[in-house]
$ cat target_6.tsv   # TSV, C-alpha atoms and all ligand atoms
chain	number	residue	atom	x	y	z
A	1	MET	CA	6.61	25.78	16.56
A	2	ARG	CA	3.38	23.86	16.86
A	3	MET	CA	1.46	26.96	17.96
A	4	ARG	CA	2.81	28.97	15.04
A	5	ARG	CA	1.69	26.29	12.59
A	6	LYS	CA	-1.79	26.30	14.12
A	7	ALA	CA	-1.91	30.09	14.11
A	8	TRP	CA	-1.19	30.13	10.38
A	9	THR	CA	-3.62	27.37	9.40
A	10	GLU	CA	-7.04	28.83	10.12
A	11	PRO	CA	-6.50	32.27	8.57
A	12	LYS	CA	-5.16	30.55	5.45
A	13	LEU	CA	-8.17	28.25	5.18
A	14	ASP	CA	-10.64	31.03	6.04
A	15	ALA	CA	-9.27	33.21	3.25
A	16	CYS	CA	-9.26	30.44	0.66
A	17	PRO	CA	-12.24	30.55	-1.76
A	18	TYR	CA	-11.68	26.93	-2.74
A	19	PHE	CA	-11.47	25.46	0.77
A	20	ILE	CA	-14.87	23.98	1.59
A	21	GLU	CA	-16.07	24.08	5.19
A	22	ALA	CA	-18.94	21.80	6.27
A	23	PRO	CA	-18.32	19.22	3.52
A	24	SER	CA	-21.33	17.09	4.44
A	25	ALA	CA	-23.59	20.08	3.57
A	26	HIS	CA	-22.49	19.55	-0.06
A	27	ARG	CA	-23.32	15.86	-0.20
A	28	GLY	CA	-24.91	15.21	-3.60
A	29	GLN	CA	-24.11	18.77	-4.75
A	30	TRP	CA	-20.33	18.88	-5.20
A	31	GLN	CA	-20.54	19.58	-8.92
A	32	ALA	CA	-22.31	22.88	-8.13
A	33	LEU	CA	-19.15	24.18	-6.45
A	34	PHE	CA	-17.32	24.29	-9.77
A	35	GLU	CA	-17.55	26.79	-12.58
A	36	ARG	CA	-17.77	24.07	-15.25
A	37	GLN	CA	-19.80	20.88	-15.25
A	38	GLN	CA	-17.22	18.19	-16.06
A	39	PRO	CA	-15.97	14.87	-14.67
A	40	VAL	CA	-15.25	14.88	-10.95
A	41	MET	CA	-12.32	13.04	-9.36
A	42	LEU	CA	-11.50	12.69	-5.69
A	43	GLU	CA	-8.17	12.42	-3.89
A	44	ILE	CA	-8.31	10.88	-0.42
A	45	GLY	CA	-5.49	11.69	2.01
A	46	CYS	CA	-3.97	14.35	-0.25
A	47	GLY	CA	-1.46	15.47	2.40
A	48	LYS	CA	0.38	18.61	1.28
A	49	GLY	CA	-1.21	18.37	-2.16
A	50	VAL	CA	2.04	18.41	-4.10
A	51	SER	CA	0.79	16.10	-6.86
A	52	THR	CA	-2.81	17.33	-6.48
A	53	ALA	CA	-1.89	20.85	-7.53
A	54	GLN	CA	0.18	19.65	-10.51
A	55	MET	CA	-2.51	17.24	-11.67
A	56	ALA	CA	-5.40	19.70	-11.38
A	57	ARG	CA	-3.43	22.48	-13.08
A	58	ALA	CA	-2.59	20.15	-15.98
A	59	ASN	CA	-6.19	18.95	-16.43
A	60	PRO	CA	-8.56	21.92	-16.56
A	61	ASP	CA	-11.29	19.73	-18.06
A	62	VAL	CA	-11.60	17.72	-14.82
A	63	ASN	CA	-12.96	18.93	-11.46
A	64	TYR	CA	-10.92	17.74	-8.48
A	65	ILE	CA	-11.90	17.36	-4.84
A	66	ALA	CA	-8.98	16.71	-2.49
A	67	ILE	CA	-9.58	15.71	1.12
A	68	ASP	CA	-7.46	15.06	4.18
A	69	GLU	CA	-8.38	14.80	7.84
A	70	VAL	CA	-5.65	17.20	9.00
A	71	ARG	CA	-6.35	20.91	8.63
A	72	HIS	CA	-2.80	22.20	8.93
A	73	VAL	CA	-1.73	19.83	6.17
A	74	LEU	CA	-4.60	21.14	4.03
A	75	ALA	CA	-3.38	24.70	4.60
A	76	VAL	CA	-0.06	23.65	3.04
A	77	SER	CA	-2.04	22.09	0.16
A	78	VAL	CA	-3.79	25.39	-0.42
A	79	ARG	CA	-0.45	27.19	-0.44
A	80	ASN	CA	0.89	24.71	-3.02
A	81	ALA	CA	-2.22	25.09	-5.20
A	82	ASP	CA	-1.99	28.91	-4.97
A	83	ALA	CA	1.58	28.67	-6.25
A	84	ALA	CA	0.74	26.18	-9.03
A	85	TYR	CA	-2.12	28.33	-10.38
A	86	ALA	CA	-0.63	31.81	-9.78
A	87	PRO	CA	-1.61	34.41	-10.84
A	88	GLU	CA	-4.98	32.67	-11.31
A	89	THR	CA	-7.16	31.03	-8.66
A	90	PRO	CA	-8.07	27.35	-9.03
A	91	LYS	CA	-11.48	26.92	-10.63
A	92	ASN	CA	-11.36	23.14	-11.00
A	93	LEU	CA	-10.00	22.22	-7.54
A	94	VAL	CA	-11.41	22.30	-4.03
A	95	PHE	CA	-10.01	21.05	-0.72
A	96	SER	CA	-11.92	19.96	2.34
A	97	ALA	CA	-11.26	18.41	5.75
A	98	VAL	CA	-12.91	14.99	5.81
A	99	ASP	CA	-12.19	11.84	7.81
A	100	ALA	CA	-12.33	9.16	5.13
A	101	LEU	CA	-13.55	6.63	7.67
A	102	ARG	CA	-16.84	8.56	7.62
A	103	ILE	CA	-16.80	9.47	3.94
A	104	HIS	CA	-20.40	8.31	3.40
A	105	ASP	CA	-21.48	11.51	5.19
A	106	THR	CA	-19.82	13.59	2.48
A	107	PHE	CA	-20.45	11.99	-0.92
A	108	SER	CA	-23.36	10.23	-2.59
A	109	ALA	CA	-23.91	8.49	-5.93
A	110	VAL	CA	-25.36	11.76	-7.27
A	111	ASP	CA	-21.89	13.31	-7.06
A	112	GLY	CA	-20.77	11.02	-9.89
A	113	ILE	CA	-17.16	10.62	-8.79
A	114	ARG	CA	-15.35	8.95	-11.71
A	115	ARG	CA	-12.02	8.25	-10.07
A	116	ILE	CA	-10.49	8.10	-6.60
A	117	TYR	CA	-6.78	8.64	-5.98
A	118	ILE	CA	-5.19	7.12	-2.88
A	119	SER	CA	-1.46	7.72	-2.68
A	120	PHE	CA	0.81	6.47	0.09
A	121	PRO	CA	-1.86	6.05	2.77
A	122	ASN	CA	-0.78	5.06	6.26
A	123	PRO	CA	-0.13	1.28	6.04
A	124	TRP	CA	-1.61	0.40	9.48
A	125	ASP	CA	0.04	-2.82	10.56
A	126	GLU	CA	-2.23	-5.87	10.24
A	127	ARG	CA	-0.75	-7.49	13.36
A	128	ALA	CA	-1.61	-4.41	15.43
A	129	LYS	CA	-5.26	-4.86	14.41
A	130	HIS	CA	-5.43	-1.30	13.11
A	131	HIS	CA	-5.81	-2.51	9.55
A	132	LYS	CA	-9.50	-1.56	9.47
A	133	ARG	CA	-8.28	2.03	9.29
A	134	ARG	CA	-6.55	1.34	5.98
A	135	LEU	CA	-7.98	3.53	3.23
A	136	THR	CA	-8.20	0.43	1.01
A	137	HIS	CA	-9.77	-1.84	3.64
A	138	PRO	CA	-13.04	-3.53	2.51
A	139	ARG	CA	-14.93	-1.38	5.00
A	140	GLN	CA	-13.69	1.65	3.06
A	141	LEU	CA	-14.14	0.11	-0.38
A	142	GLU	CA	-17.78	-0.59	0.43
A	143	GLN	CA	-18.24	3.08	1.29
A	144	TYR	CA	-16.52	4.17	-1.95
A	145	ARG	CA	-18.75	1.84	-3.96
A	146	ASN	CA	-21.77	3.81	-2.77
A	147	PHE	CA	-20.68	7.01	-4.49
A	148	LEU	CA	-18.29	5.91	-7.26
A	149	ALA	CA	-19.81	6.24	-10.75
A	150	PRO	CA	-20.45	2.96	-12.64
A	151	GLY	CA	-17.12	1.65	-13.95
A	152	GLY	CA	-15.33	4.15	-11.70
A	153	GLU	CA	-11.71	3.58	-10.79
A	154	ILE	CA	-9.41	3.74	-7.80
A	155	TRP	CA	-5.78	4.66	-8.53
A	156	PHE	CA	-3.66	3.41	-5.67
A	157	LYS	CA	0.07	3.94	-5.03
A	158	THR	CA	2.21	2.76	-2.15
A	159	ASP	CA	5.77	1.74	-1.33
A	160	ASN	CA	4.49	-0.72	1.30
A	161	ASP	CA	4.64	-4.38	0.21
A	162	ALA	CA	2.26	-5.74	2.86
A	163	LEU	CA	-0.36	-3.05	2.24
A	164	PHE	CA	-0.18	-3.56	-1.52
A	165	THR	CA	-0.53	-7.34	-1.25
A	166	ALA	CA	-3.50	-7.05	1.12
A	167	SER	CA	-5.11	-4.31	-0.98
A	168	LYS	CA	-5.11	-6.46	-4.13
A	169	ARG	CA	-7.13	-8.97	-2.14
A	170	TYR	CA	-9.43	-6.29	-0.73
A	171	PHE	CA	-10.19	-4.92	-4.20
A	172	ARG	CA	-11.07	-8.35	-5.59
A	173	GLU	CA	-13.20	-9.22	-2.56
A	174	CYS	CA	-15.18	-6.01	-2.99
A	175	GLY	CA	-15.99	-6.43	-6.67
A	176	PHE	CA	-13.20	-4.48	-8.34
A	177	GLU	CA	-11.12	-5.79	-11.22
A	178	ILE	CA	-7.44	-4.89	-11.43
A	179	ALA	CA	-7.13	-3.07	-14.76
A	180	PHE	CA	-3.48	-2.09	-14.43
A	181	LEU	CA	-0.73	-3.13	-12.07
A	182	THR	CA	2.98	-2.52	-11.74
A	183	ASP	CA	5.50	-3.07	-8.97
A	184	ASP	CA	7.80	-0.40	-10.30
A	185	LEU	CA	5.76	2.57	-11.42
A	186	HIS	CA	8.71	4.75	-12.35
A	187	ALA	CA	10.25	2.04	-14.54
A	188	SER	CA	6.90	1.08	-16.08
A	189	GLY	CA	6.60	3.98	-18.51
A	190	PHE	CA	3.13	4.77	-17.16
A	191	SER	CA	2.23	8.35	-18.01
A	192	PRO	CA	1.16	10.84	-16.87
A	193	ASN	CA	2.25	10.23	-13.30
A	194	TYR	CA	2.10	13.14	-10.88
A	195	ILE	CA	4.68	12.57	-8.16
A	196	SER	CA	3.44	13.16	-4.62
A	197	GLU	CA	5.49	14.29	-1.64
A	198	HIS	CA	5.81	10.77	-0.22
A	199	GLU	CA	6.45	9.25	-3.64
A	200	ALA	CA	9.43	11.58	-4.10
A	201	LEU	CA	10.61	10.74	-0.60
A	202	TYR	CA	10.44	6.95	-0.98
A	203	SER	CA	11.70	6.75	-4.55
A	204	GLY	CA	14.54	9.03	-3.48
A	205	GLN	CA	15.42	6.31	-0.94
A	206	GLY	CA	15.61	3.80	-3.80
A	207	LYS	CA	12.24	2.14	-3.11
A	208	ALA	CA	10.14	0.91	-6.01
A	209	ILE	CA	6.57	2.19	-6.10
A	210	HIS	CA	3.63	-0.20	-6.38
A	211	PHE	CA	0.71	1.11	-8.39
A	212	LEU	CA	-2.62	-0.30	-9.50
A	213	ILE	CA	-5.86	0.80	-11.09
A	214	ALA	CA	-8.92	-1.01	-9.72
A	215	ARG	CA	-12.12	-0.71	-11.73
A	216	MET	CA	-15.49	-1.17	-10.05
A	217	LEU	CA	-17.60	-3.98	-11.45
A	218	PRO	CA	-21.40	-3.75	-11.29
A	219	ARG	CA	-23.05	-4.89	-8.06
A	220	GLU	CA	-25.23	-7.21	-10.11
A	221	THR	CA	-22.25	-9.38	-11.06
A	222	PRO	CA	-23.04	-12.61	-9.24
A	223	PRO	CA	-20.27	-13.62	-6.81
A	224	LYS	CA	-19.99	-16.99	-8.57
A	225	GLN	CA	-19.13	-15.33	-11.86
A	226	ARG	CA	-16.48	-13.21	-10.16
A	227	GLU	CA	-14.93	-16.31	-8.63
A	228	ASN	CA	-14.65	-17.84	-12.10
A	229	GLU	CA	-12.83	-14.87	-13.58
A	230	ALA	CA	-9.20	-15.24	-14.48
A	231	PRO	CA	-7.19	-14.66	-11.34
A	232	CYS	CA	-5.51	-11.31	-11.05
A	233	PRO	CA	-1.80	-11.63	-11.79
A	234	GLU	CA	-0.01	-11.47	-8.49
A	235	SER	CA	2.53	-8.80	-8.01
A	236	THR	CA	6.13	-9.94	-8.10
A	237	GLY	CA	9.30	-7.98	-7.88
A	238	ASP	CA	9.86	-7.96	-11.62
A	239	SER	CA	6.36	-8.34	-13.04
A	240	ALA	CA	5.47	-6.45	-16.19
A	241	PRO	CA	2.54	-4.07	-15.93
A	242	ILE	CA	-0.84	-5.39	-16.97
A	243	GLY	CA	-3.02	-3.12	-18.96
A	244	PRO	CA	-3.24	-1.00	-20.96
A	245	PRO	CA	-5.13	1.40	-18.71
A	246	ASP	CA	-8.16	3.25	-19.99
A	247	LEU	CA	-7.08	6.80	-19.36
A	248	SER	CA	-10.14	8.43	-20.85
B	1	LIG	C1	1.59	9.41	4.30
B	1	LIG	S1	0.55	10.77	3.95
B	1	LIG	C2	0.47	10.76	2.16
B	1	LIG	C3	0.13	12.12	1.62
B	1	LIG	C4	0.10	12.22	0.08
B	1	LIG	N1	-0.97	11.42	-0.49
B	1	LIG	C5	1.42	11.80	-0.52
B	1	LIG	O1	1.46	10.79	-1.25
B	1	LIG	O2	2.43	12.50	-0.27
B	1	LIG	C6	-1.05	10.13	4.39
B	1	LIG	C7	-2.09	11.24	4.46
B	1	LIG	O3	-3.36	10.62	4.65
B	1	LIG	C8	-4.09	11.39	5.60
B	1	LIG	N2	-5.07	10.50	6.23
B	1	LIG	C9	-4.82	9.42	7.01
B	1	LIG	N3	-5.97	8.85	7.44
B	1	LIG	C10	-6.97	9.61	6.91
B	1	LIG	C11	-8.39	9.55	7.00
B	1	LIG	N4	-9.00	8.62	7.73
B	1	LIG	N5	-9.10	10.48	6.34
B	1	LIG	C12	-8.49	11.44	5.62
B	1	LIG	N6	-7.15	11.56	5.51
B	1	LIG	C13	-6.41	10.65	6.14
B	1	LIG	C14	-3.03	11.91	6.55
B	1	LIG	O4	-3.48	13.05	7.27
B	1	LIG	C15	-1.89	12.21	5.61
B	1	LIG	O5	-1.92	13.53	5.14
$ encode --input "target_6.tsv" --output "structure tokens" --more "lines below"
Ligand SMILES: C[S@@+](CC[C@H](N)C(=O)[O-])C[C@H]1O[C@@H](n2cnc3c(N)ncnc32)[C@H](O)[C@@H]1O
Amino acid sequence: MRMRRKAWTEPKLDACPYFIEAPSAHRGQWQALFERQQPVMLEIGCGKGVSTAQMARANPDVNYIAIDEVRHVLAVSVRNADAAYAPETPKNLVFSAVDALRIHDTFSAVDGIRRIYISFPNPWDERAKHHKRRLTHPRQLEQYRNFLAPGGEIWFKTDNDALFTASKRYFRECGFEIAFLTDDLHASGFSPNYISEHEALYSGQGKAIHFLIARMLPRETPPKQRENEAPCPESTGDSAPIGPPDLS
């Protein structure tokens, strides 16, 4: 079974005009891969790309880059995008295999990424000391800061309480303000929301989905001033969303 999956992966990726090999060769030049010059958004850990394909298809005026570290998962993403765009070929979406822990090799400030999506990343238990691998860990947020456009946003979804609580702290520590937050995305009325594979799985099990939008504040903001800002409302089981989000 495993061999068959591997055998299918590489031919699928080789034949795909919107799968990008050697991603670091495009550092600072991602916009050139697209037919139209328009805002660029990045999904990290896209998995099978279920929501990626829907979102990109619905927003032709945005260019999307979706990355994951696992190639056979990306081959499934490509298959899902083929189906979502058929009979056309995606012109505003590319996939690439990138380990987000080394994402600084792949993107630079010149790429002008306006928004990052992180949906249902591996929670990495804090007690097991693997938490530095979290895609929202400060070590990661500092890397994202280096290529996110001024005022850029991170849209983060998870079902995991501990990861969400820690991530709110990480975002504040790294100079992001929480622009929108809900502990029950599907009851919040937030729209549009493109439901990912894991989101469908967990909400199908009756779990509420945490969601926040973190907006990057300028580096120049002195730490003292940030400390004096109104504290971010803490997430509680029945908290109302804060917002409204700037969806432009
Ligand atoms: C639980 S899945 C979520 C997939 C999808 N976002 C969803 O919501 O259905 C987590 C995904 O993150 C990817 N991932 C984990 N660590 C990563 C890293 N360091 N760099 C890139 N992708 C990573 C995994 O390969 C996996 O596909």
$ residues_around --input "target_6.tsv" --residues "A:Leu42" --least-positions-apart "2" --cutoff "9 Å" --atoms "all atoms listed in the file" --output "NGL selection string"
:A and (40 or 44 or 63-67 or 113-118)
$ atom_distance --input "target_6.tsv" --atom1 "atom CA of A:Arg134" --atom2 "atom CA of A:His186"
24.1 Å
$ atom_distance --input "target_6.tsv" --atom1 "atom C7 of ligand LIG 1 (chain B)" --atom2 "atom CA of A:Gly189"
25.6 Å
$ closest_residue --input "target_6.tsv" --among "A:Phe156, A:Phe164, A:Tyr170, A:Phe120" --to "ligand LIG 1 (chain B)" --atoms "all atoms listed in the file"
A:Phe120
$ closest_atom_pairs --input "target_6.tsv" --of "chain A" --to "ligand LIG 1 (chain B)" --cutoff "8 Å" --atoms "all atoms listed in the file" --output "tab-separated table"
residue	atom	partner	partner_atom	distance
A:Ile44	CA	B:LIG1	C12	6.1
A:Gly45	CA	B:LIG1	O3	3.6
A:Cys46	CA	B:LIG1	N1	4.2
A:Gly47	CA	B:LIG1	O5	3.4
A:Lys48	CA	B:LIG1	C3	6.5
A:Gly49	CA	B:LIG1	C4	6.7
A:Val50	CA	B:LIG1	O2	7.1
A:Ser51	CA	B:LIG1	O2	7.7
A:Ile67	CA	B:LIG1	C12	6.3
A:Asp68	CA	B:LIG1	N6	3.8
A:Glu69	CA	B:LIG1	C12	4.0
A:Val70	CA	B:LIG1	O4	5.0
A:Val73	CA	B:LIG1	O5	6.4
A:Ala97	CA	B:LIG1	C12	7.5
A:Val98	CA	B:LIG1	C12	5.7
A:Asp99	CA	B:LIG1	N5	3.7
A:Ala100	CA	B:LIG1	N5	3.7
A:Leu101	CA	B:LIG1	N4	5.0
A:Arg102	CA	B:LIG1	N4	7.8
A:Ile118	CA	B:LIG1	N1	6.5
A:Ser119	CA	B:LIG1	N1	4.3
A:Phe120	CA	B:LIG1	O1	4.6
A:Pro121	CA	B:LIG1	C6	4.5
A:Asn122	CA	B:LIG1	C1	5.3
A:Arg133	CA	B:LIG1	N4	6.8
A:Arg134	CA	B:LIG1	N3	7.7
A:Leu135	CA	B:LIG1	N4	6.9
A:Lys157	CA	B:LIG1	O1	7.9
A:Ile195	CA	B:LIG1	O1	7.8
A:Ser196	CA	B:LIG1	O2	4.5
A:Glu197	CA	B:LIG1	O2	3.8
A:His198	CA	B:LIG1	O2	3.8
A:Glu199	CA	B:LIG1	O1	5.7
$ atom_distance --input "target_6.tsv" --atom1 "atom CA of A:Ile154" --atom2 "atom CA of A:Ala32"
23.1 Å
